[in-house]
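Enquirer: Structure: query_24.txt, compact mmCIF, C-alpha atoms.
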# COMPACT_ATOMS: atom_id res chain seq x y z
CA MET A 1 -57.43 -5.00 -48.52
CA THR A 2 -59.48 -2.18 -49.98
CA GLY A 3 -62.97 -1.24 -48.90
CA SER A 4 -64.51 -3.02 -51.89
CA ASP A 5 -62.60 -6.22 -51.05
CA ILE A 6 -63.91 -6.46 -47.48
CA PRO A 7 -66.54 -9.23 -47.09
CA SER A 8 -69.99 -7.89 -46.25
CA SER A 9 -70.44 -10.28 -43.32
CA PHE A 10 -68.54 -12.31 -40.76
CA ARG A 11 -69.83 -15.62 -39.36
CA LEU A 12 -68.97 -16.38 -35.75
CA ALA A 13 -69.79 -19.77 -34.26
CA TYR A 14 -70.18 -20.17 -30.51
CA VAL A 15 -70.86 -23.08 -28.19
CA PRO A 16 -73.31 -23.33 -25.26
CA GLY A 17 -72.17 -21.46 -22.18
CA VAL A 18 -70.05 -18.97 -24.11
CA THR A 19 -71.44 -15.43 -24.28
CA PRO A 20 -70.00 -13.38 -27.18
CA THR A 21 -72.18 -10.30 -26.49
CA LYS A 22 -69.45 -7.86 -25.41
CA TRP A 23 -67.24 -8.70 -28.39
CA VAL A 24 -70.14 -8.47 -30.82
CA ARG A 25 -70.94 -5.00 -29.47
CA VAL A 26 -67.36 -3.81 -30.09
CA TRP A 27 -67.49 -5.32 -33.58
CA HIS A 28 -70.58 -3.28 -34.48
CA GLU A 29 -68.90 -0.12 -33.17
CA ARG A 30 -65.73 -0.65 -35.21
CA LEU A 31 -67.14 -2.22 -38.36
CA PRO A 32 -70.70 -0.87 -38.67
CA HIS A 33 -70.87 -1.78 -42.36
CA THR A 34 -69.80 -5.41 -41.91
CA SER A 35 -72.51 -7.52 -40.33
CA LEU A 36 -71.66 -10.25 -37.83
CA GLU A 37 -73.74 -13.42 -38.04
CA LEU A 38 -73.83 -15.67 -34.96
CA VAL A 39 -73.92 -19.42 -35.58
CA GLN A 40 -74.77 -21.62 -32.59
CA ALA A 41 -73.20 -25.09 -32.46
CA THR A 42 -72.63 -27.78 -29.86
CA ALA A 43 -69.13 -28.24 -28.49
CA ALA A 44 -68.80 -31.43 -30.54
CA GLU A 45 -70.06 -29.84 -33.77
CA ALA A 46 -68.10 -26.58 -33.66
CA PRO A 47 -64.67 -27.84 -34.88
CA GLY A 48 -66.20 -29.58 -37.90
CA LEU A 49 -68.30 -26.51 -38.67
CA LEU A 50 -65.18 -24.34 -38.79
CA ALA A 51 -63.14 -26.85 -40.78
CA GLY A 52 -65.96 -27.14 -43.33
CA GLY A 53 -66.27 -23.38 -43.84
CA GLY A 54 -69.58 -23.06 -42.01
CA ALA A 55 -68.17 -20.15 -40.00
CA ASP A 56 -65.19 -17.80 -40.30
CA ALA A 57 -64.21 -18.20 -36.65
CA GLY A 58 -65.66 -19.67 -33.50
CA LEU A 59 -65.65 -19.53 -29.73
CA VAL A 60 -65.06 -23.20 -28.97
CA ARG A 61 -63.94 -25.53 -26.21
CA LEU A 62 -60.48 -27.05 -26.36
CA PRO A 63 -58.97 -29.29 -27.48
CA VAL A 64 -59.21 -28.88 -31.26
CA ASP A 65 -57.11 -30.42 -34.02
CA ARG A 66 -54.26 -27.91 -34.39
CA GLY A 67 -53.39 -29.37 -37.77
CA VAL A 68 -56.74 -28.15 -39.09
CA LEU A 69 -57.65 -25.23 -36.85
CA SER A 70 -55.73 -22.36 -35.31
CA ALA A 71 -56.72 -21.45 -31.75
CA ILE A 72 -56.04 -18.79 -29.14
CA PRO A 73 -56.99 -19.87 -25.58
CA LEU A 74 -59.09 -17.17 -23.92
CA TYR A 75 -59.95 -18.40 -20.44
CA THR A 76 -60.40 -21.47 -18.24
CA GLU A 77 -63.71 -22.14 -16.51
CA THR A 78 -64.26 -23.23 -12.94
CA THR A 79 -65.89 -26.66 -12.61
CA VAL A 80 -68.93 -26.82 -10.32
CA VAL A 81 -71.27 -29.49 -9.02
CA VAL A 82 -74.98 -28.90 -9.68
CA ILE A 83 -77.10 -29.98 -6.70
CA PRO A 84 -80.64 -29.49 -5.34
CA LYS A 85 -81.04 -26.44 -3.10
CA ASP A 86 -81.84 -28.65 -0.11
CA HIS A 87 -78.67 -30.75 -0.55
CA VAL A 88 -76.39 -30.96 2.47
CA ALA A 89 -73.45 -29.69 0.37
CA THR A 90 -75.08 -26.26 0.09
CA ALA A 91 -73.82 -25.52 3.61
CA ALA A 92 -70.24 -25.29 2.26
CA GLU A 93 -68.70 -22.72 -0.10
CA GLU A 94 -67.06 -25.48 -2.15
CA VAL A 95 -67.19 -29.27 -2.44
CA SER A 96 -64.20 -31.59 -2.73
CA LEU A 97 -64.11 -34.62 -5.03
CA ALA A 98 -63.81 -36.86 -1.98
CA GLU A 99 -67.09 -35.50 -0.62
CA LEU A 100 -68.84 -36.77 -3.75
CA SER A 101 -67.74 -40.37 -3.23
CA ASP A 102 -71.17 -41.49 -2.02
CA GLU A 103 -73.11 -39.51 -4.62
CA ILE A 104 -74.45 -40.78 -7.95
CA VAL A 105 -72.52 -38.57 -10.38
CA LEU A 106 -74.27 -38.22 -13.74
CA HIS A 107 -72.04 -38.43 -16.80
CA PRO A 108 -73.88 -37.18 -19.93
CA LEU A 109 -72.71 -38.24 -23.38
CA ASP A 110 -71.87 -34.61 -24.23
CA ASP A 111 -69.71 -34.16 -21.11
CA LEU A 112 -67.00 -31.51 -21.64
CA LEU A 113 -64.61 -32.54 -18.86
CA ASP A 114 -61.66 -34.83 -19.41
CA TRP A 115 -61.99 -37.32 -16.56
CA GLU A 116 -59.42 -39.99 -15.82
CA THR A 117 -61.69 -41.39 -13.13
CA LEU A 118 -65.19 -40.05 -12.59
CA PRO A 119 -65.86 -39.37 -8.90
CA GLY A 120 -68.76 -40.88 -6.98
CA ARG A 121 -70.95 -43.75 -8.13
CA PRO A 122 -72.07 -44.12 -11.77
CA ALA A 123 -75.71 -43.92 -12.78
CA VAL A 124 -77.42 -46.91 -14.39
CA GLU A 125 -77.51 -45.08 -17.72
CA ARG A 126 -75.69 -42.07 -19.10
CA PRO A 127 -77.99 -39.13 -19.97
CA ALA A 128 -77.86 -38.11 -23.62
CA THR A 129 -77.25 -34.42 -22.96
CA THR A 130 -76.32 -32.02 -20.18
CA ALA A 131 -79.87 -30.66 -20.30
CA ASP A 132 -81.21 -34.18 -19.63
CA ALA A 133 -78.77 -34.57 -16.73
CA ILE A 134 -79.98 -31.30 -15.21
CA GLU A 135 -83.52 -32.67 -15.21
CA LEU A 136 -82.31 -35.79 -13.38
CA VAL A 137 -80.54 -33.66 -10.76
CA ALA A 138 -83.80 -31.77 -10.18
CA ALA A 139 -85.57 -35.14 -9.78
CA GLY A 140 -83.08 -36.17 -7.08
CA VAL A 141 -81.43 -38.92 -9.12
CA GLY A 142 -77.87 -37.65 -8.76
CA VAL A 143 -75.50 -34.68 -9.08
CA LEU A 144 -73.69 -33.25 -12.11
CA LEU A 145 -70.27 -31.68 -12.64
CA VAL A 146 -70.04 -29.08 -15.42
CA PRO A 147 -68.24 -25.84 -16.35
CA GLN A 148 -69.77 -22.97 -14.40
CA SER A 149 -71.18 -21.29 -17.52
CA LEU A 150 -73.30 -24.37 -18.24
CA ALA A 151 -74.63 -24.39 -14.69
CA ARG A 152 -75.73 -20.79 -15.28
CA LEU A 153 -77.13 -21.59 -18.72
CA HIS A 154 -79.33 -24.37 -17.28
CA HIS A 155 -80.31 -22.43 -14.17
CA ARG A 156 -83.37 -23.61 -12.27
CA LYS A 157 -84.92 -22.17 -9.11
CA ASP A 158 -84.72 -25.52 -7.36
CA LEU A 159 -81.02 -26.08 -8.14
CA THR A 160 -77.75 -24.43 -7.18
CA TYR A 161 -74.05 -25.20 -7.59
CA ARG A 162 -70.74 -25.13 -5.75
CA PRO A 163 -67.12 -25.02 -7.04
CA VAL A 164 -65.18 -28.30 -7.01
CA PRO A 165 -61.42 -27.71 -6.58
CA GLY A 166 -59.23 -30.33 -8.23
CA ALA A 167 -61.78 -31.30 -10.89
CA PRO A 168 -60.84 -31.16 -14.59
CA GLU A 169 -61.56 -27.77 -16.17
CA SER A 170 -62.80 -26.63 -19.57
CA ARG A 171 -60.87 -24.08 -21.64
CA VAL A 172 -62.54 -21.74 -24.11
CA ALA A 173 -60.66 -20.54 -27.20
CA LEU A 174 -61.11 -18.46 -30.33
CA SER A 175 -60.53 -20.76 -33.30
CA TRP A 176 -60.52 -20.47 -37.09
CA PRO A 177 -59.43 -22.60 -40.08
CA GLU A 178 -55.67 -22.94 -40.39
CA ALA A 179 -54.31 -20.81 -43.25
CA GLU A 180 -50.98 -19.38 -44.37
CA VAL A 181 -52.38 -15.86 -44.02
CA THR A 182 -55.07 -15.11 -41.43
CA PRO A 183 -58.06 -13.35 -43.09
CA ASP A 184 -58.42 -9.65 -42.27
CA LEU A 185 -61.79 -10.00 -40.57
CA VAL A 186 -60.49 -12.81 -38.39
CA GLU A 187 -57.58 -10.53 -37.44
CA GLU A 188 -60.13 -7.86 -36.57
CA PHE A 189 -61.97 -10.23 -34.23
CA ILE A 190 -58.70 -11.45 -32.70
CA GLY A 191 -57.89 -7.84 -31.91
CA ILE A 192 -61.28 -7.33 -30.30
CA VAL A 193 -61.11 -10.36 -28.01
CA ARG A 194 -57.53 -9.47 -27.06
CA GLY A 195 -58.52 -5.92 -26.20
CA ARG A 196 -56.54 -4.15 -28.89
CA THR A 197 -57.45 -0.53 -29.49
CA VAL A 198 -58.93 0.64 -32.77
CA ASN A 199 -55.53 2.14 -33.71
CA SER A 200 -53.62 -1.08 -33.15
CA THR A 201 -51.07 -1.87 -35.86
CA ARG A 202 -52.61 -5.35 -36.24
CA GLY A 203 -55.98 -4.06 -37.45
CA ARG A 204 -57.07 -2.74 -40.84
CA ALA A 205 -57.82 0.65 -39.35
CA ALA A 206 -54.26 1.11 -38.21
CA THR A 207 -51.87 3.53 -39.93
CA PRO A 208 -48.66 1.72 -40.95
CA PRO A 209 -45.47 3.06 -39.32
CA ARG A 210 -43.35 5.42 -41.43
CA PRO A 211 -40.01 4.10 -42.69
CA ALA A 212 -36.97 5.20 -40.67
CA LYS A 213 -35.41 6.95 -43.70
CA ASP A 214 -38.49 9.18 -44.04
CA LYS A 215 -38.28 10.10 -40.37
CA ALA A 216 -34.58 11.00 -40.84
CA LYS A 217 -35.41 13.22 -43.83
CA ASP A 218 -38.09 15.04 -41.85
CA LYS A 219 -35.66 15.61 -39.00
CA ALA A 220 -32.98 16.99 -41.33
CA ARG A 221 -35.51 19.25 -43.07
CA ALA A 222 -36.78 20.63 -39.78
CA LYS A 223 -33.21 21.34 -38.65
CA ALA A 224 -32.45 23.18 -41.88
CA GLU A 225 -35.58 25.28 -41.56
CA ARG A 226 -34.65 26.25 -38.01
CA GLY A 227 -31.17 27.19 -39.16
CA GLY A 228 -32.50 29.32 -42.02
CA ALA A 229 -34.77 31.40 -39.84
CA GLY A 230 -33.45 34.99 -39.61
CA GLY A 231 -30.78 34.32 -42.27
CA GLY A 232 -28.35 32.83 -39.77
CA SER A 233 -27.31 29.42 -38.73
CA GLY A 234 -29.85 29.29 -35.99
CA THR A 235 -27.24 29.78 -33.23
CA ARG A 236 -26.55 32.91 -31.23
CA GLN A 237 -23.15 34.51 -31.94
CA LYS A 238 -20.92 35.54 -29.07
CA PRO A 239 -19.78 39.19 -28.93
CA ALA A 240 -16.29 39.89 -30.22
CA ALA A 241 -13.46 39.70 -27.72
CA GLY A 242 -13.00 42.87 -25.71
CA ARG A 243 -16.48 44.14 -26.38
CA LYS A 244 -19.48 44.02 -24.21
CA PRO A 245 -23.06 44.10 -25.43
CA GLN A 246 -24.26 47.69 -25.35
CA ALA A 247 -27.43 48.86 -23.69
CA GLY A 248 -30.24 49.43 -26.12
CA GLY A 249 -28.57 47.16 -28.62
CA ARG A 250 -25.95 49.78 -29.74
CA THR A 251 -22.67 48.54 -31.18
CA GLY A 252 -19.60 50.19 -32.56
CA GLY A 253 -17.09 52.58 -31.08
CA GLN A 254 -19.47 54.43 -28.80
CA SER A 255 -19.27 53.59 -25.17
CA GLY A 256 -22.99 53.56 -24.79
CA LYS A 257 -22.83 56.24 -22.05
CA ARG A 258 -24.64 59.54 -22.48
CA GLY A 259 -22.27 62.51 -22.11
CA LYS A 260 -22.99 65.61 -20.01
CA PRO A 261 -24.54 68.55 -21.93
CA ARG A 262 -22.16 71.41 -22.74
CA GLY A 263 -22.73 74.75 -21.22
CA ARG A 264 -24.07 77.44 -23.49
Let me see the structure of the file written as structure tokens.

Expert:
Amino acid sequence: MTGSDIPSSFRLAYVPGVTPTKWVRVWHERLPHTSLELVQATAAEAPGLLAGGGADAGLVRLPVDRGVLSAIPLYTETTVVVIPKDHVATAAEEVSLAELSDEIVLHPLDDLLDWETLPGRPAVERPATTADAIELVAAGVGVLLVPQSLARLHHRKDLTYRPVPGAPESRVALSWPEAEVTPDLVEEFIGIVRGRTVNSTRGRAATPPRPAKDKAKDKARAKAERGGAGGGSGTRQKPAAGRKPQAGGRTGGQSGKRGKPRGR
């Protein structure tokens, strides 16, 4: 792809709780002339947005339809329980699922966790969103289990959270529309999130490796040049048999010794 063929912008979708800041910063350092547009979407909306061409790639929550979208898992989030700061569970560093058996556990309609059986007791109604459920936790109605990034996103001074070992977890991935050939700018972003250097062979900025035959030619040429230096073969000749190198570099029939001066 030549410079004139490179799109002038790249659209990156991201879902609540995911922070793309560090990758966006690297993008601007490496591709200062290609703008990156951030497109916010809910976890439920993001796959359809990508499939419909509303973004070139996205930071989404798994699972996605692998027949429509490609995806590279990036990390798995810890699940936490959001509770009031005066809740008895704040005395512990973590809370087990069994310890929530007597709690009303809120289950919002946009829940991101794949529960086989929700712990605790169900609320009378399911909140529409995680944000609504957070408000109910603050009102003392119940507790809420969410990925840790969402607990941070909806932080309130009167609430806190604790890890819940054994709870389902949410995985975050980089995803883009399935294609026979991955677009160059998507490859660039893949390289950034995977920590590739700017000289990586997978990026546009990389210099392609030289063919082996060219390397062999260069090696042969260098050897010939070394051999031609000084008009010889490039190797030091051994003195002829029976002769020793003479001091001062003299050769021939002289012994190399200085005779005594004759008397006058």

Enquirer: List the spatial neighbours of Ile190 of chain A as number ranges by chain - criterion: any atom at most 10 Å away, only C-alpha atoms, same-chain residues fewer than 2 positions off excluded.

Expert: A: 23, 57, 72, 174-175, 184-188, 192-196, 202-203

Enquirer: Just want the 8 Å neighbourhood of Asp110 of chain A, counted on only C-alpha atoms, with same-chain residues fewer than 2 positions away dropped. Output as a PyMOL selection string.

Expert: chain A and resi 44+108+112+128-130

Enquirer: Between A:Pro177, A:Gly140, A:Pro183, A:Pro165, which has the minimum distance to Ser70 of chain A (counting all atoms listed in the file)?

Expert: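 Once distances to Ser70 of chain A are computed over all atoms listed in the file, the minimum belongs to A:Pro177.
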
Enquirer: Kindly give the distance, in Å, that separates atom CA of Val81 of chain A and atom CA of Val95 of chain A, rounded to a single decimal.

Expert: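 Those two atoms sit 7.7 Å apart.
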
Enquirer: What is the distance between atom CA of Leu36 of chain A and atom CA of Trp176 of chain A, in Å to one decimal?

Expert: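 Computing the Euclidean distance for atom CA of Leu36 of chain A and atom CA of Trp176 of chain A yields 15.1 Å.
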
Enquirer: Measuring between all atoms listed in the file, which one of A:Pro84, A:Gly58, A:Pro163, A:Pro32 shows the shortest distance to Ile134 of chain A?

Expert: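 Once distances to Ile134 of chain A are computed over all atoms listed in the file, the minimum belongs to A:Pro84.
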
Enquirer: Taking only C-alpha atoms into account, name the residue in A:Val172, A:Ala13, A:Val146, A:Ala91 that is nearest to Leu74 of chain A.

Expert: A:Val172

Enquirer: Between atom CA of Gly191 of chain A and atom CA of Arg30 of chain A, what is the distance in Å, rounded to a tenth?

Expert: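 Atom-to-atom, atom CA of Gly191 of chain A and atom CA of Arg30 of chain A are spaced 11.1 Å apart.
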
Enquirer: Restricting the calculation to only C-alpha atoms: of A:Val88, A:Val82, A:Leu113, A:Ala179, which residue gets closest to Gly142 of chain A?

Expert: A:Val82

Enquirer: Which polymer residues, protein or nucleic acid, are no farther than 12 Å from (-67.7, -22.5, -45.1), counting only C-alpha atoms, as a list of chain:residue names?

Expert: A:Phe10, A:Arg11, A:Leu12, A:Ala13, A:Val39, A:Pro47, A:Gly48, A:Leu49, A:Leu50, A:Ala51, A:Gly52, A:Gly53, A:Gly54, A:Ala55, A:Asp56, A:Ala57, A:Trp176, A:Pro177

Enquirer: Those same residues - C-alpha atoms - I'd like them written as a PDB file, keeping the file's coordinate frame.

Expert:
ATOM      1  CA  PHE A  10     -68.540 -12.310 -40.760  1.00  0.00           C
ATOM      2  CA  ARG A  11     -69.830 -15.620 -39.360  1.00  0.00           C
ATOM      3  CA  LEU A  12     -68.970 -16.380 -35.750  1.00  0.00           C
ATOM      4  CA  ALA A  13     -69.790 -19.770 -34.260  1.00  0.00           C
ATOM      5  CA  VAL A  39     -73.920 -19.420 -35.580  1.00  0.00           C
ATOM      6  CA  PRO A  47     -64.670 -27.840 -34.880  1.00  0.00           C
ATOM      7  CA  GLY A  48     -66.200 -29.580 -37.900  1.00  0.00           C
ATOM      8  CA  LEU A  49     -68.300 -26.510 -38.670  1.00  0.00           C
ATOM      9  CA  LEU A  50     -65.180 -24.340 -38.790  1.00  0.00           C
ATOM     10  CA  ALA A  51     -63.140 -26.850 -40.780  1.00  0.00           C
ATOM     11  CA  GLY A  52     -65.960 -27.140 -43.330  1.00  0.00           C
ATOM     12  CA  GLY A  53     -66.270 -23.380 -43.840  1.00  0.00           C
ATOM     13  CA  GLY A  54     -69.580 -23.060 -42.010  1.00  0.00           C
ATOM     14  CA  ALA A  55     -68.170 -20.150 -40.000  1.00  0.00           C
ATOM     15  CA  ASP A  56     -65.190 -17.800 -40.300  1.00  0.00           C
ATOM     16  CA  ALA A  57     -64.210 -18.200 -36.650  1.00  0.00           C
ATOM     17  CA  TRP A 176     -60.520 -20.470 -37.090  1.00  0.00           C
ATOM     18  CA  PRO A 177     -59.430 -22.600 -40.080  1.00  0.00           C
TER      19      PRO A 177
END

Enquirer: Using all atoms listed in the file, which of the listed residues (A:Arg152, A:His107, A:Arg126, A:Arg162) sits closest to Glu94 of chain A?

Expert: A:Arg162
